[in-house]
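Structure first, commentary second.
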Amino acid sequence: MQTAVANALNGREAARPMPAADIQKVAQHMMRLNVAGLPRNYELFYEALVGLNAGLAQDIAALGSHPQQEALDELGLRYRLVGHYGLAGDRSRNEASRMLKDTAERLAEGRLHHQAFTRACETILRSVSGQQEHQSLADFMAEVEYLAASLSDVLAAERTIGTRLEEDIERLTALERGISAVQAATITDKITGLPNRIGLNRALDDLYGQEDGAAGSALIMIDIDDFKEFTARYGAQTGNKLLKKLAGLFRKTVKKNDFIARLEADEFAFLFANVGMQDALAIAERLRSSVEDNLVFAASDTSDASGLTISVGVALSGDAATSGQLQANARVALLAAQSNPRLPVQAFGR
């Protein structure tokens with residue numbers, strides 16, 4: 001059970017293993033509530049129990065001792081958890097499919113009206129052209145009235161179809177906007193607004209998918225030192241404010257077209273194009289000094305001011321054959337920096 005939870009929470013490529021105590025806490029709570037062992041459920045309970053999302057925890061508790069899967073999924077969608085975005089996409093596709101089916105049925109109904117009107121026109125045409133020489137005036141007028149009635153039916157059906165088609169177009173447009181929003185949310189960190197790990201993976205996939213190869217880029221990974229202790233001391237809300245401030249500082253420190261992502265609680269990643277190791281190390285040092293020079297905080301008016309420090313790992317795309325290897329190399333460098341506070345910026349293979 002714990003292995004399944006870990007696999008669900010760790011995600012794709014180079015994710016940091018979750019602490020065993022956190023995994024056990026999530027698994028035990030789900031078992032007590034008899035919740036299915038689905039990856040999206042692990043993510044939901046992890047966010048509530050370990051991510052300290054008080055609102056989500058309260059909403060889960062309100063579902064009672066045996067929450068239904070549909071109700072849990074609604075919470076996942078409401079809180080914009082990545083594992084639930086697929087559900088939103090499926091719902092949107094199902095709704096679009098149903099609307100298109102209804103539209104096809106309306107168009108088929110309109111076609112039947114057109115066919116009836118066409119037959120009536122052919123009948124009147126034969127009468128007028130003399131193909132029915134012994135037809136009385138009364139019969140002719142009856143056919144004209146039938147033709148008028150058929151035309152009225154066609155016009156009414158077309159008006160109805162036109163109105164419904166306009167409504168369907170509006171609903172399909174709204175669905176398209178919703179799908180686009182879901183797709184954007186899938187790759188966006190909801191706290192900082194930066195791309196998330198999925199966004200980074202896509203950027204690296206694009207890099208390694210280039211015809212001329214991936215050489216010439218650098219991946220820099222940054223970890224906030226002692227961030228877990230910081231949130232334990234000052235609270236999760238203060239930690240989130242710090243992350244937002246840090247994201248803003250990073251945006252100002254790098255160029256507009258440089259890629260920044262928040263991978264998880266205390267980790268950020270940067271992707272720089274057309275740089276060698278010397279330039280990448282200079283950028284990494286600039287990021288480190290920018291954080292230490294600008295992020296000074298205190299828990300209260302009486303607390304001593306403290307400075308935030310970070311550890312930085314640097315890796316070059318030319319040293320990795322795949323995006324996964326590049327991330328692994330950057331993480332090796334980051335771990336080396338974390339283990340040696342005197343050298344907080346480390347490069348892979350150097």
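As shown in the structure tokens, the chain order sets the letters A, B, ...; within each chain, residues go from 1, and ligands are also counted from 1 in the order they appear.
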
Do you know which residues are at most 8 Å from region 344-346 of chain A counting only C-alpha atoms, after dropping those on the same chain fewer than 5 positions away, and could you put them as an mmCIF file with C-alpha atoms, in the first residue's frame?
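Output saved as out35.cif:
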```cif
data_model
loop_
_atom_site.group_PDB
_atom_site.id
_atom_site.type_symbol
_atom_site.label_atom_id
_atom_site.label_comp_id
_atom_site.auth_asym_id
_atom_site.auth_seq_id
_atom_site.Cartn_x
_atom_site.Cartn_y
_atom_site.Cartn_z
ATOM 1 C CA LEU A 281 27.358 29.252 -12.876
ATOM 2 C CA ALA A 284 23.263 30.533 -10.448
ATOM 3 C CA GLU A 285 25.439 32.727 -8.245
ATOM 4 C CA ILE A 310 19.230 28.448 -1.071
ATOM 5 C CA SER A 311 21.227 25.572 -2.536
ATOM 6 C CA VAL A 312 21.777 25.475 -6.299
ATOM 7 C CA GLY A 313 22.598 22.665 -8.720
ATOM 8 C CA VAL A 314 23.636 23.241 -12.335
ATOM 9 C CA ALA A 333 24.498 18.723 -8.307
ATOM 10 C CA LEU A 334 21.770 20.106 -6.042
ATOM 11 C CA ALA A 336 26.023 18.096 -3.511
ATOM 12 C CA ALA A 337 25.265 21.762 -2.788
ATOM 13 C CA GLN A 338 22.879 20.850 0.038
#
```

Kindly provide the residues of region 167-246 of chain A that approach region 99-122 of chain A to within 12 Å, each paired with its closest atom pair and their distance in Å to one decimal, based on only C-alpha atoms, listed by chain and increasing number, as JSON lines.
```
{"residue": "A:Glu167", "atom": "CA", "partner": "A:Met99", "partner_atom": "CA", "distance": 10.2}
{"residue": "A:Asp168", "atom": "CA", "partner": "A:Met99", "partner_atom": "CA", "distance": 6.8}
{"residue": "A:Ile169", "atom": "CA", "partner": "A:Met99", "partner_atom": "CA", "distance": 9.4}
{"residue": "A:Glu170", "atom": "CA", "partner": "A:Met99", "partner_atom": "CA", "distance": 11.2}
{"residue": "A:Arg171", "atom": "CA", "partner": "A:Met99", "partner_atom": "CA", "distance": 8.7}
{"residue": "A:Leu172", "atom": "CA", "partner": "A:Met99", "partner_atom": "CA", "distance": 8.1}
{"residue": "A:Thr173", "atom": "CA", "partner": "A:Met99", "partner_atom": "CA", "distance": 11.8}
{"residue": "A:Leu175", "atom": "CA", "partner": "A:Met99", "partner_atom": "CA", "distance": 10.8}
```

d(CA of Gly209 (chain A), CA of Phe259 (chain A)) in Å: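 CA of Phe259 (chain A) lies at a distance of 16.8 Å from CA of Gly209 (chain A).
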
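Distance annotation: of A:Leu63, A:Leu75, A:Leu326, A:Ala218, the residue with the minimal separation from Asp205 (chain A) is A:Leu326; atom set is only C-alpha atoms.
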
Distance query region 242-245 of chain A at most 9 Å, only C-alpha atoms, self and fewer than 5 positions along chain excluded, as a count of residues only: 8

DSSP alpha helix (DSSP H) selection over region 195-315 of chain A, as an NGL selection string: :A and (197-208 or 227-234 or 236-253 or 277-294)

Selection export as a short mmCIF file (atom, residue, chain, number, x, y, z; two decimals), in the first residue's frame, atoms kept: C-alpha atoms:
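File written: part.cif
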```cif
data_model
loop_
_atom_site.label_atom_id
_atom_site.label_comp_id
_atom_site.auth_asym_id
_atom_site.auth_seq_id
_atom_site.Cartn_x
_atom_site.Cartn_y
_atom_site.Cartn_z
CA ARG A 197 6.82 19.96 -12.87
CA ILE A 198 4.58 18.96 -15.79
CA GLY A 199 5.35 22.31 -17.42
CA LEU A 200 9.07 21.72 -16.95
CA ASN A 201 8.82 18.22 -18.43
CA ARG A 202 7.08 19.63 -21.49
CA ALA A 203 9.68 22.35 -21.92
CA LEU A 204 12.47 19.76 -21.69
CA ASP A 205 10.65 17.42 -24.09
CA ASP A 206 10.46 20.29 -26.58
CA LEU A 207 14.16 20.99 -26.04
CA TYR A 208 15.19 17.39 -26.68
CA PHE A 227 12.03 25.33 4.32
CA LYS A 228 10.25 22.57 6.26
CA GLU A 229 11.48 24.06 9.53
CA PHE A 230 10.43 27.50 8.31
CA THR A 231 6.84 26.40 7.70
CA ALA A 232 6.76 24.47 10.96
CA ARG A 233 7.81 27.62 12.82
CA TYR A 234 5.86 30.29 10.96
CA ALA A 236 1.97 27.11 6.00
CA GLN A 237 0.30 30.41 5.08
CA THR A 238 3.49 32.33 5.76
CA GLY A 239 5.39 29.72 3.77
CA ASN A 240 3.09 30.27 0.78
CA LYS A 241 3.61 34.03 0.99
CA LEU A 242 7.35 33.45 0.97
CA LEU A 243 7.06 31.22 -2.11
CA LYS A 244 5.08 33.91 -3.95
CA LYS A 245 7.66 36.56 -3.02
CA LEU A 246 10.47 34.27 -4.09
CA ALA A 247 8.78 33.58 -7.44
CA GLY A 248 8.45 37.33 -8.03
CA LEU A 249 12.10 37.86 -7.19
CA PHE A 250 13.14 35.11 -9.61
CA ARG A 251 11.10 36.68 -12.41
CA LYS A 252 12.89 39.98 -11.88
CA THR A 253 16.32 38.35 -11.69
CA MET A 277 28.87 26.23 -17.84
CA GLN A 278 30.65 29.48 -17.00
CA ASP A 279 27.57 31.56 -17.84
CA ALA A 280 25.28 29.09 -16.05
CA LEU A 281 27.36 29.25 -12.88
CA ALA A 282 27.32 33.06 -13.04
CA ILE A 283 23.52 32.99 -13.33
CA ALA A 284 23.26 30.53 -10.45
CA GLU A 285 25.44 32.73 -8.24
CA ARG A 286 23.35 35.77 -9.16
CA LEU A 287 20.17 33.93 -8.18
CA ARG A 288 21.70 32.85 -4.87
CA SER A 289 22.94 36.30 -3.93
CA SER A 290 19.66 37.90 -5.00
CA VAL A 291 17.74 35.68 -2.57
CA GLU A 292 20.14 36.21 0.32
CA ASP A 293 20.27 39.99 -0.23
CA ASN A 294 16.53 40.56 -0.58
#
```

Near-Ala48 (chain A) list (12 Å; only C-alpha atoms; drop same-chain fewer than 3 positions) as a list in words: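 Listing them by chain and then by number gives Asp22, Lys25, Val26, His29, Met30, Asn41, Tyr42, Glu43, Leu44, Phe45, Gly51, Leu52, Asn53, Ala54, Gly55, Leu56, Ala57, Gln58, Asp59, Ile60, Ala61, Leu72, Leu75, Gly76, Tyr79 and Leu81 of chain A.
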